[in-house]
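Undergrad: First the structure, which I've put down as structure tokens, then a few questions once you've had a look.
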Amino acid sequence: SEQSLIAKFGEQIHAAIPDFEQRIPNVSWGGPGGPAWYQKATGKAKSSSSSSSGHLMDGAALLYSYLRIMNWPIDLRTKFPFKLCHKGCDANAAINHTLTYREIYKPWVYGPKVIQENQNGFFYHHGFSPSHEHNVASVGKGTASNEFKGSHALVWARLGRRNVVDDLANVRAYVNTLERAVAASTERSDGQIGKFNVILDGTGSSWRTVPSIKMIKVFVTMLQDHFPNRLGIILLMNLGRAGEFFVKMILPLLTEEVRQKLIVLPRDEEERRAVLETVVATQYIPTWLGGEDTFEFDASQYYSNAEFLVSEETANAYVDSMPYHA
């Protein structure tokens, strides 16, 4: 069963990584103080779209995500991560790989150039998707404060707003926002969901704002290796020629399962609204898409946590210490 394989996977991890328990408190989602990356068992199961075992076992939701992309290998041998383990690895290699990445890369931190890259708000987390019925039911009576508990976080990708500064900062801006989104969804769902949906708007994009192919590959590898089973869907709109080129560059790098999660919004306004409302909670539909949310991205507020602001040297140290992702 899934539960028994998750338990076996957990045992393998602890046997292969003796200091695992000492290291995991330092890699919480969103940085220190955030929801646990490897959540400890609470002794009770909850309805979940991420794991059928709830919190009955340590790390159940996280291990479920990895085993799912590995296609539930009974012998715990896998070729995931695809680049690292193309000849086959024990499954625990994927967990150790991500743990090391989170310790070295620290996706929750950012340097000054990230703030410059994202000055205009080309990639940010804001809001949540509508709750699924079973998640609403699991919350209980359902009050205004917990109405959307259990939903996916929203990530807004507005390609034309990129302020081109630096490729490494561009990748970190992407990863930092996904880290925030997973942390927000994880916290909101008591560790049960931890997923995000992306709304990608190509308005104003140009050849200048499209990242280099090399950096796209770096980003996609980070996403696949360290954020498995975190993506809900991606809505595409107003792509234009540059936006279409951007998507075409990414497609060959994605698995078939991820490619099936790309949905082009209809041009018809009513049809577009209907699709949009399945992904974006009504109060988070922005005015520029016909909604009522007047939110405007503010870089100084988005990057206001001084604890996570580091020097460019620190932000880019991984290039030497973890060249796999350089």
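Just so we're on the same page: first chain in the structure tokens is A, next is B, and so on; residues restart at 1 for each chain, and ligands are numbered from 1 in the order they show up.
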Please identify which residues in range 112-269 of chain A DSSP calls strand (DSSP E or B) from the backbone, and express them as a compact mmCIF listing (two decimals) with all heavy atoms, in the first residue's frame.

TA:
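As a result, out.txt now contains:
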# COMPACT_ATOMS: atom_id res chain seq x y z
N PHE A 123 6.88 38.38 -11.21
CA PHE A 123 6.65 37.03 -10.69
C PHE A 123 6.45 37.13 -9.18
O PHE A 123 7.39 37.43 -8.45
CB PHE A 123 7.86 36.15 -11.01
CG PHE A 123 7.56 34.67 -11.03
CD1 PHE A 123 6.86 34.10 -12.08
CD2 PHE A 123 7.99 33.84 -10.00
CE1 PHE A 123 6.58 32.74 -12.11
CE2 PHE A 123 7.72 32.48 -10.02
CZ PHE A 123 7.01 31.92 -11.08
N TYR A 124 5.22 36.87 -8.72
CA TYR A 124 4.95 37.05 -7.30
C TYR A 124 3.78 36.17 -6.84
O TYR A 124 2.95 35.75 -7.64
CB TYR A 124 4.64 38.51 -6.99
CG TYR A 124 3.48 39.10 -7.77
CD1 TYR A 124 2.17 39.04 -7.28
CD2 TYR A 124 3.68 39.73 -9.00
CE1 TYR A 124 1.10 39.58 -7.99
CE2 TYR A 124 2.63 40.26 -9.72
CZ TYR A 124 1.34 40.19 -9.21
OH TYR A 124 0.29 40.72 -9.92
N HIS A 125 3.75 35.92 -5.55
CA HIS A 125 2.63 35.19 -4.94
C HIS A 125 1.64 36.19 -4.36
O HIS A 125 2.02 37.12 -3.65
CB HIS A 125 3.13 34.27 -3.82
CG HIS A 125 2.08 33.93 -2.80
ND1 HIS A 125 0.88 33.33 -3.14
CD2 HIS A 125 2.03 34.13 -1.46
CE1 HIS A 125 0.14 33.17 -2.04
NE2 HIS A 125 0.82 33.65 -1.01
N HIS A 126 0.37 35.99 -4.68
CA HIS A 126 -0.69 36.80 -4.08
C HIS A 126 -2.01 36.05 -4.18
O HIS A 126 -2.47 35.72 -5.28
CB HIS A 126 -0.83 38.15 -4.80
CG HIS A 126 -2.04 38.93 -4.36
ND1 HIS A 126 -2.18 39.45 -3.09
CD2 HIS A 126 -3.19 39.26 -5.03
CE1 HIS A 126 -3.35 40.07 -2.99
NE2 HIS A 126 -3.98 39.97 -4.14
N GLY A 127 -2.60 35.73 -3.05
CA GLY A 127 -3.92 35.12 -3.04
C GLY A 127 -3.92 33.60 -3.11
O GLY A 127 -2.87 32.95 -3.15
N PHE A 128 -5.15 33.06 -3.19
CA PHE A 128 -5.33 31.61 -3.18
C PHE A 128 -6.45 31.21 -4.14
O PHE A 128 -7.29 32.03 -4.52
CB PHE A 128 -5.67 31.12 -1.76
CG PHE A 128 -4.57 31.34 -0.78
CD1 PHE A 128 -4.49 32.54 -0.08
CD2 PHE A 128 -3.60 30.38 -0.56
CE1 PHE A 128 -3.46 32.77 0.83
CE2 PHE A 128 -2.57 30.59 0.33
CZ PHE A 128 -2.50 31.79 1.03
N ALA A 153 -1.94 28.08 -3.45
CA ALA A 153 -1.51 29.47 -3.50
C ALA A 153 -1.47 29.91 -4.96
O ALA A 153 -1.29 29.09 -5.87
CB ALA A 153 -0.13 29.62 -2.87
N LEU A 154 -1.62 31.21 -5.20
CA LEU A 154 -1.58 31.75 -6.56
C LEU A 154 -0.23 32.42 -6.84
O LEU A 154 0.27 33.18 -6.01
CB LEU A 154 -2.70 32.77 -6.76
CG LEU A 154 -4.13 32.25 -6.64
CD1 LEU A 154 -5.12 33.40 -6.78
CD2 LEU A 154 -4.40 31.17 -7.69
N VAL A 155 0.31 32.12 -8.00
CA VAL A 155 1.54 32.77 -8.47
C VAL A 155 1.22 33.49 -9.77
O VAL A 155 0.68 32.89 -10.70
CB VAL A 155 2.66 31.73 -8.69
CG1 VAL A 155 3.85 32.38 -9.39
CG2 VAL A 155 3.09 31.12 -7.35
N TRP A 156 1.56 34.77 -9.81
CA TRP A 156 1.28 35.59 -10.98
C TRP A 156 2.58 35.83 -11.75
O TRP A 156 3.54 36.36 -11.20
CB TRP A 156 0.66 36.92 -10.56
CG TRP A 156 -0.60 36.73 -9.78
CD1 TRP A 156 -0.71 36.54 -8.43
CD2 TRP A 156 -1.93 36.66 -10.31
NE1 TRP A 156 -2.03 36.35 -8.08
CE2 TRP A 156 -2.80 36.44 -9.21
CE3 TRP A 156 -2.47 36.78 -11.59
CZ2 TRP A 156 -4.18 36.32 -9.35
CZ3 TRP A 156 -3.84 36.67 -11.74
CH2 TRP A 156 -4.68 36.44 -10.64
N ALA A 157 2.60 35.39 -13.01
CA ALA A 157 3.76 35.58 -13.88
C ALA A 157 3.39 36.58 -14.97
O ALA A 157 2.64 36.25 -15.89
CB ALA A 157 4.18 34.24 -14.49
N ARG A 158 3.90 37.79 -14.88
CA ARG A 158 3.58 38.85 -15.84
C ARG A 158 4.87 39.18 -16.61
O ARG A 158 5.65 40.06 -16.24
CB ARG A 158 3.02 40.05 -15.10
CG ARG A 158 1.84 39.67 -14.19
CD ARG A 158 1.22 40.84 -13.47
NE ARG A 158 0.52 41.71 -14.42
CZ ARG A 158 -0.13 42.83 -14.07
NH1 ARG A 158 -0.15 43.20 -12.78
NH2 ARG A 158 -0.74 43.57 -14.97
N PHE A 196 0.74 25.21 -5.70
CA PHE A 196 0.47 26.53 -6.28
C PHE A 196 -0.08 26.39 -7.69
O PHE A 196 0.20 25.40 -8.39
CB PHE A 196 1.75 27.38 -6.31
CG PHE A 196 2.92 26.74 -7.01
CD1 PHE A 196 3.08 26.81 -8.39
CD2 PHE A 196 3.89 26.05 -6.29
CE1 PHE A 196 4.14 26.21 -9.03
CE2 PHE A 196 4.97 25.44 -6.92
CZ PHE A 196 5.10 25.53 -8.30
N ASN A 197 -0.88 27.36 -8.10
CA ASN A 197 -1.33 27.51 -9.48
C ASN A 197 -0.68 28.77 -10.04
O ASN A 197 -0.49 29.74 -9.32
CB ASN A 197 -2.86 27.64 -9.55
CG ASN A 197 -3.56 26.36 -9.15
OD1 ASN A 197 -3.07 25.27 -9.40
ND2 ASN A 197 -4.71 26.49 -8.52
N VAL A 198 -0.36 28.74 -11.32
CA VAL A 198 0.31 29.87 -11.96
C VAL A 198 -0.60 30.49 -13.02
O VAL A 198 -1.20 29.78 -13.83
CB VAL A 198 1.64 29.44 -12.63
CG1 VAL A 198 2.31 30.64 -13.29
CG2 VAL A 198 2.57 28.80 -11.60
N ILE A 199 -0.72 31.82 -12.99
CA ILE A 199 -1.41 32.56 -14.03
C ILE A 199 -0.35 33.32 -14.80
O ILE A 199 0.27 34.24 -14.26
CB ILE A 199 -2.47 33.53 -13.46
CG1 ILE A 199 -3.52 32.76 -12.64
CG2 ILE A 199 -3.16 34.28 -14.60
CD1 ILE A 199 -3.16 32.58 -11.18
N LEU A 200 -0.08 32.93 -16.03
CA LEU A 200 0.99 33.51 -16.83
C LEU A 200 0.41 34.44 -17.89
O LEU A 200 -0.33 34.00 -18.77
CB LEU A 200 1.83 32.41 -17.48
CG LEU A 200 3.14 32.83 -18.13
CD1 LEU A 200 4.15 31.67 -18.11
CD2 LEU A 200 2.93 33.27 -19.58
N ASP A 201 0.75 35.71 -17.78
CA ASP A 201 0.25 36.74 -18.69
C ASP A 201 1.41 37.29 -19.51
O ASP A 201 2.37 37.82 -18.96
CB ASP A 201 -0.41 37.86 -17.87
CG ASP A 201 -0.87 39.03 -18.74
OD1 ASP A 201 -1.14 38.80 -19.93
OD2 ASP A 201 -0.95 40.15 -18.22
N LEU A 231 3.02 21.74 -8.34
CA LEU A 231 2.30 22.52 -9.33
C LEU A 231 0.88 22.01 -9.51
O LEU A 231 0.67 20.81 -9.71
CB LEU A 231 3.04 22.47 -10.67
CG LEU A 231 2.33 23.10 -11.87
CD1 LEU A 231 2.17 24.61 -11.67
CD2 LEU A 231 3.11 22.81 -13.16
N GLY A 232 -0.09 22.94 -9.45
CA GLY A 232 -1.47 22.59 -9.76
C GLY A 232 -1.66 22.68 -11.26
O GLY A 232 -1.51 21.70 -11.98
N ILE A 233 -1.94 23.89 -11.77
CA ILE A 233 -2.04 24.11 -13.21
C ILE A 233 -1.43 25.46 -13.55
O ILE A 233 -1.17 26.29 -12.68
CB ILE A 233 -3.51 24.07 -13.72
CG1 ILE A 233 -4.32 25.22 -13.10
CG2 ILE A 233 -4.15 22.73 -13.44
CD1 ILE A 233 -5.71 25.33 -13.69
N ILE A 234 -1.21 25.67 -14.84
CA ILE A 234 -0.71 26.94 -15.35
C ILE A 234 -1.69 27.46 -16.38
O ILE A 234 -1.98 26.79 -17.38
CB ILE A 234 0.68 26.80 -16.01
CG1 ILE A 234 1.70 26.24 -15.01
CG2 ILE A 234 1.16 28.15 -16.54
CD1 ILE A 234 3.09 26.01 -15.62
N LEU A 235 -2.24 28.64 -16.13
CA LEU A 235 -3.13 29.29 -17.09
C LEU A 235 -2.30 30.24 -17.95
O LEU A 235 -1.55 31.06 -17.42
CB LEU A 235 -4.23 30.07 -16.36
CG LEU A 235 -5.26 29.28 -15.57
CD1 LEU A 235 -6.31 30.22 -15.01
CD2 LEU A 235 -5.92 28.21 -16.43
N LEU A 236 -2.44 30.15 -19.26
CA LEU A 236 -1.69 30.99 -20.19
C LEU A 236 -2.62 31.98 -20.87
O LEU A 236 -3.71 31.61 -21.31
CB LEU A 236 -1.00 30.12 -21.25
CG LEU A 236 -0.11 28.97 -20.73
CD1 LEU A 236 0.33 28.09 -21.90
CD2 LEU A 236 1.09 29.52 -19.99
N MET A 237 -2.18 33.23 -21.00
CA MET A 237 -3.00 34.23 -21.67
C MET A 237 -2.11 35.30 -22.31
O MET A 237 -0.99 35.55 -21.87
CB MET A 237 -3.95 34.88 -20.67
CG MET A 237 -3.27 35.78 -19.63
SD MET A 237 -4.43 36.52 -18.46
CE MET A 237 -4.66 35.15 -17.37
N LEU A 262 -0.88 22.70 -18.57
CA LEU A 262 -0.89 24.01 -19.21
C LEU A 262 -2.22 24.22 -19.93
O LEU A 262 -2.62 23.41 -20.77
CB LEU A 262 0.26 24.13 -20.22
CG LEU A 262 1.62 24.61 -19.67
CD1 LEU A 262 2.20 23.59 -18.71
CD2 LEU A 262 2.61 24.86 -20.80
N ILE A 263 -2.91 25.28 -19.58
CA ILE A 263 -4.22 25.57 -20.17
C ILE A 263 -4.24 26.99 -20.72
O ILE A 263 -3.90 27.95 -20.01
CB ILE A 263 -5.34 25.43 -19.11
CG1 ILE A 263 -5.37 24.01 -18.56
CG2 ILE A 263 -6.69 25.83 -19.68
CD1 ILE A 263 -6.32 23.82 -17.39
N VAL A 264 -4.59 27.13 -21.99
CA VAL A 264 -4.69 28.45 -22.60
C VAL A 264 -6.09 29.01 -22.33
O VAL A 264 -7.09 28.37 -22.64
CB VAL A 264 -4.43 28.38 -24.12
CG1 VAL A 264 -4.59 29.77 -24.74
CG2 VAL A 264 -3.04 27.83 -24.40

Undergrad: From a DSSP pass on the backbone, collect the residues of range 157-228 of chain A flagged as helix (DSSP H, G or I) and hand them back as a VMD selection string.

TA: chain A and resid 159 to 161 167 to 188 213 to 226

Undergrad: Find the residues around range 84-99 of chain A up to 9 Å (only C-alpha atoms counted), leave out those fewer than 4 positions away in its own chain, and share them as a list in words.

TA: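 My reading of the contact set: Phe9, Gly10, Gln12, Ile13, His14, Ala16, Ile17, Phe20, Arg23, Ile24, Val27, Leu63, Tyr66, Leu67, Met70, Pro73, Asp75, Leu76, Arg77, Thr78, Lys79, Phe80, Glu103, Ile104, Asp225, His226, Phe227 and Tyr324 of chain A.
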
Undergrad: Counting only C-alpha atoms, which residues of range 80-137 of chain A sit at most 9 Å from some atom of range 160-164 of chain A, and what is each one's closest atom pair with its distance in Å to one decimal, listed by chain and rising residue number, as a tab-separated table?

TA:
residue	atom	partner	partner_atom	distance
A:Gln116	CA	A:Asn163	CA	6.7
A:Glu117	CA	A:Asn163	CA	4.8
A:Asn118	CA	A:Arg162	CA	6.2
A:Gln119	CA	A:Asn163	CA	6.7
A:Asn120	CA	A:Arg161	CA	5.6
A:Gly121	CA	A:Arg161	CA	6.2
A:Phe122	CA	A:Arg161	CA	4.7
A:Phe123	CA	A:Arg162	CA	8.1

Undergrad: Go ahead and compute the interatomic distance for CA of Ser205 in chain A and CA of Tyr303 in chain A, in Å to one decimal.

TA: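 One can read the CA of Ser205 in chain A to CA of Tyr303 in chain A distance as 23.7 Å.
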
Undergrad: For Ile213 in chain A, list every protein, DNA or RNA residue within 10 Å, evaluated using only C-alpha atoms, and leave out those in the same chain fewer than 3 positions away; present the list as an NGL selection string.

TA: :A and (210 or 216-219 or 246 or 249-250)

Undergrad: Please produce an output containing C-alpha atoms for each residue in the selection, written as an mmCIF file, in the first residue's frame.

TA:
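File produced: result-v9.cif:
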data_model
loop_
_atom_site.group_PDB
_atom_site.id
_atom_site.type_symbol
_atom_site.label_atom_id
_atom_site.label_comp_id
_atom_site.auth_asym_id
_atom_site.auth_seq_id
_atom_site.Cartn_x
_atom_site.Cartn_y
_atom_site.Cartn_z
ATOM 1 C CA VAL A 210 12.613 36.281 -22.194
ATOM 2 C CA ILE A 216 15.363 28.284 -18.139
ATOM 3 C CA LYS A 217 16.983 24.849 -17.953
ATOM 4 C CA VAL A 218 18.506 25.685 -14.565
ATOM 5 C CA PHE A 219 15.137 26.832 -13.238
ATOM 6 C CA PHE A 246 9.105 31.320 -23.982
ATOM 7 C CA MET A 249 11.427 26.707 -24.925
ATOM 8 C CA ILE A 250 10.038 25.281 -21.684
#

Undergrad: Please list as number ranges by chain every residue within 12 Å of Thr255 in chain A, counting only C-alpha atoms and excluding residues in the same chain fewer than 5 positions away.

TA: A: 69, 80, 82, 220-221, 223-224, 228-229, 250, 260-262

Undergrad: Next, dump the selected residues to file, keeping only all heavy atoms, as a tab-separated table (two decimals), in the first residue's frame.

TA:
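Result written to selection_21.tsv:
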chain	number	residue	atom	x	y	z
A	69	ILE	N	6.04	11.08	-8.01
A	69	ILE	CA	6.77	11.37	-9.24
A	69	ILE	C	7.70	10.22	-9.61
A	69	ILE	O	8.05	10.03	-10.77
A	69	ILE	CB	7.56	12.69	-9.12
A	69	ILE	CG1	7.95	13.19	-10.52
A	69	ILE	CG2	8.80	12.54	-8.24
A	69	ILE	CD1	8.55	14.59	-10.53
A	80	PHE	N	14.68	9.16	-10.63
A	80	PHE	CA	14.40	10.55	-10.26
A	80	PHE	C	15.29	10.92	-9.08
A	80	PHE	O	15.43	10.13	-8.15
A	80	PHE	CB	12.93	10.71	-9.86
A	80	PHE	CG	12.61	12.10	-9.36
A	80	PHE	CD1	12.32	13.11	-10.25
A	80	PHE	CD2	12.63	12.39	-7.99
A	80	PHE	CE1	12.06	14.40	-9.80
A	80	PHE	CE2	12.36	13.66	-7.53
A	80	PHE	CZ	12.08	14.67	-8.44
A	82	PHE	N	15.78	13.16	-12.53
A	82	PHE	CA	16.08	12.63	-13.85
A	82	PHE	C	17.53	12.86	-14.28
A	82	PHE	O	18.15	12.01	-14.90
A	82	PHE	CB	15.12	13.24	-14.88
A	82	PHE	CG	13.68	13.08	-14.51
A	82	PHE	CD1	12.87	14.19	-14.30
A	82	PHE	CD2	13.13	11.82	-14.33
A	82	PHE	CE1	11.53	14.05	-13.94
A	82	PHE	CE2	11.80	11.66	-13.97
A	82	PHE	CZ	11.00	12.78	-13.77
A	220	VAL	N	14.05	25.03	-14.47
A	220	VAL	CA	13.19	23.85	-14.60
A	220	VAL	C	13.77	22.67	-13.83
A	220	VAL	O	13.03	21.91	-13.18
A	220	VAL	CB	12.98	23.50	-16.08
A	220	VAL	CG1	12.29	22.14	-16.22
A	220	VAL	CG2	12.15	24.57	-16.77
A	221	THR	N	15.09	22.52	-13.84
A	221	THR	CA	15.72	21.44	-13.09
A	221	THR	C	15.49	21.62	-11.59
A	221	THR	O	15.18	20.66	-10.88
A	221	THR	CB	17.24	21.38	-13.37
A	221	THR	OG1	17.45	21.12	-14.76
A	221	THR	CG2	17.91	20.27	-12.56
A	223	LEU	N	13.02	23.20	-10.22
A	223	LEU	CA	11.60	22.99	-10.00
A	223	LEU	C	11.27	21.50	-9.96
A	223	LEU	O	10.57	21.02	-9.06
A	223	LEU	CB	10.79	23.68	-11.10
A	223	LEU	CG	9.26	23.58	-11.02
A	223	LEU	CD1	8.75	24.24	-9.76
A	223	LEU	CD2	8.63	24.22	-12.26
A	224	GLN	N	11.80	20.75	-10.92
A	224	GLN	CA	11.51	19.32	-10.99
A	224	GLN	C	12.15	18.55	-9.83
A	224	GLN	O	11.51	17.68	-9.24
A	224	GLN	CB	11.99	18.75	-12.32
A	224	GLN	CG	11.18	19.20	-13.52
A	224	GLN	CD	11.67	18.62	-14.83
A	224	GLN	OE1	12.84	18.26	-14.96
A	224	GLN	NE2	10.80	18.55	-15.81
A	228	PRO	N	8.65	18.65	-6.37
A	228	PRO	CA	7.80	17.66	-7.04
A	228	PRO	C	6.37	17.69	-6.51
A	228	PRO	O	6.14	17.88	-5.32
A	228	PRO	CB	8.49	16.33	-6.70
A	228	PRO	CG	9.17	16.58	-5.39
A	228	PRO	CD	9.65	18.01	-5.48
A	229	ASN	N	5.43	17.54	-7.44
A	229	ASN	CA	4.02	17.46	-7.09
A	229	ASN	C	3.50	18.73	-6.41
A	229	ASN	O	2.55	18.69	-5.64
A	229	ASN	CB	3.75	16.24	-6.19
A	229	ASN	CG	2.28	15.85	-6.17
A	229	ASN	OD1	1.59	15.92	-7.17
A	229	ASN	ND2	1.80	15.43	-5.01
A	250	ILE	N	10.24	26.05	-22.92
A	250	ILE	CA	10.04	25.28	-21.68
A	250	ILE	C	9.46	23.89	-21.94
A	250	ILE	O	9.85	22.91	-21.31
A	250	ILE	CB	9.11	26.06	-20.72
A	250	ILE	CG1	9.82	27.31	-20.21
A	250	ILE	CG2	8.67	25.19	-19.56
A	250	ILE	CD1	8.97	28.13	-19.26
A	260	GLN	N	0.49	18.61	-19.51
A	260	GLN	CA	-0.97	18.51	-19.51
A	260	GLN	C	-1.62	19.51	-18.55
A	260	GLN	O	-2.84	19.70	-18.58
A	260	GLN	CB	-1.40	17.08	-19.15
A	260	GLN	CG	-1.05	16.07	-20.23
A	260	GLN	CD	-1.44	14.65	-19.84
A	260	GLN	OE1	-1.97	14.41	-18.76
A	260	GLN	NE2	-1.18	13.70	-20.72
A	261	LYS	N	-0.81	20.15	-17.73
A	261	LYS	CA	-1.33	21.12	-16.77
A	261	LYS	C	-1.34	22.53	-17.33
A	261	LYS	O	-1.74	23.47	-16.66
A	261	LYS	CB	-0.51	21.08	-15.48
A	261	LYS	CG	-0.63	19.76	-14.71
A	261	LYS	CD	0.20	19.78	-13.44
A	261	LYS	CE	0.01	18.48	-12.65
A	261	LYS	NZ	0.77	18.48	-11.39
A	262	LEU	N	-0.88	22.70	-18.57
A	262	LEU	CA	-0.89	24.01	-19.21
A	262	LEU	C	-2.22	24.22	-19.93
A	262	LEU	O	-2.62	23.41	-20.77
A	262	LEU	CB	0.26	24.13	-20.22
A	262	LEU	CG	1.62	24.61	-19.67
A	262	LEU	CD1	2.20	23.59	-18.71
A	262	LEU	CD2	2.61	24.86	-20.80

Undergrad: Would you mind telling me which residue in A:Val247, A:Leu5, A:Met215, A:Ala326 lies nearest to Ala173 in chain A when using only C-alpha atoms?

TA: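 Going through A:Val247, A:Leu5, A:Met215, A:Ala326 one by one, the smallest distance to Ala173 in chain A is for A:Met215.
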
Undergrad: Considering only C-alpha atoms, can you say which of A:Glu21, A:Glu296, A:Glu2, A:Glu11 comes closest to Trp72 in chain A?

TA: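 Checking each candidate against Trp72 in chain A, we get A:Glu2 as the closest.
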
Undergrad: Could you check how far CA of Ala183 in chain A sits from CA of Ser151 in chain A, in Å to one decimal?

TA: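 Computed distance, CA of Ala183 in chain A to CA of Ser151 in chain A, equals 12.2 Å.
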
Undergrad: Mind giving me the straight-line distance from CA of Lys40 in chain A to CA of Pro25 in chain A in Å, one decimal?

TA: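 Between CA of Lys40 in chain A and CA of Pro25 in chain A the gap is 10.7 Å.
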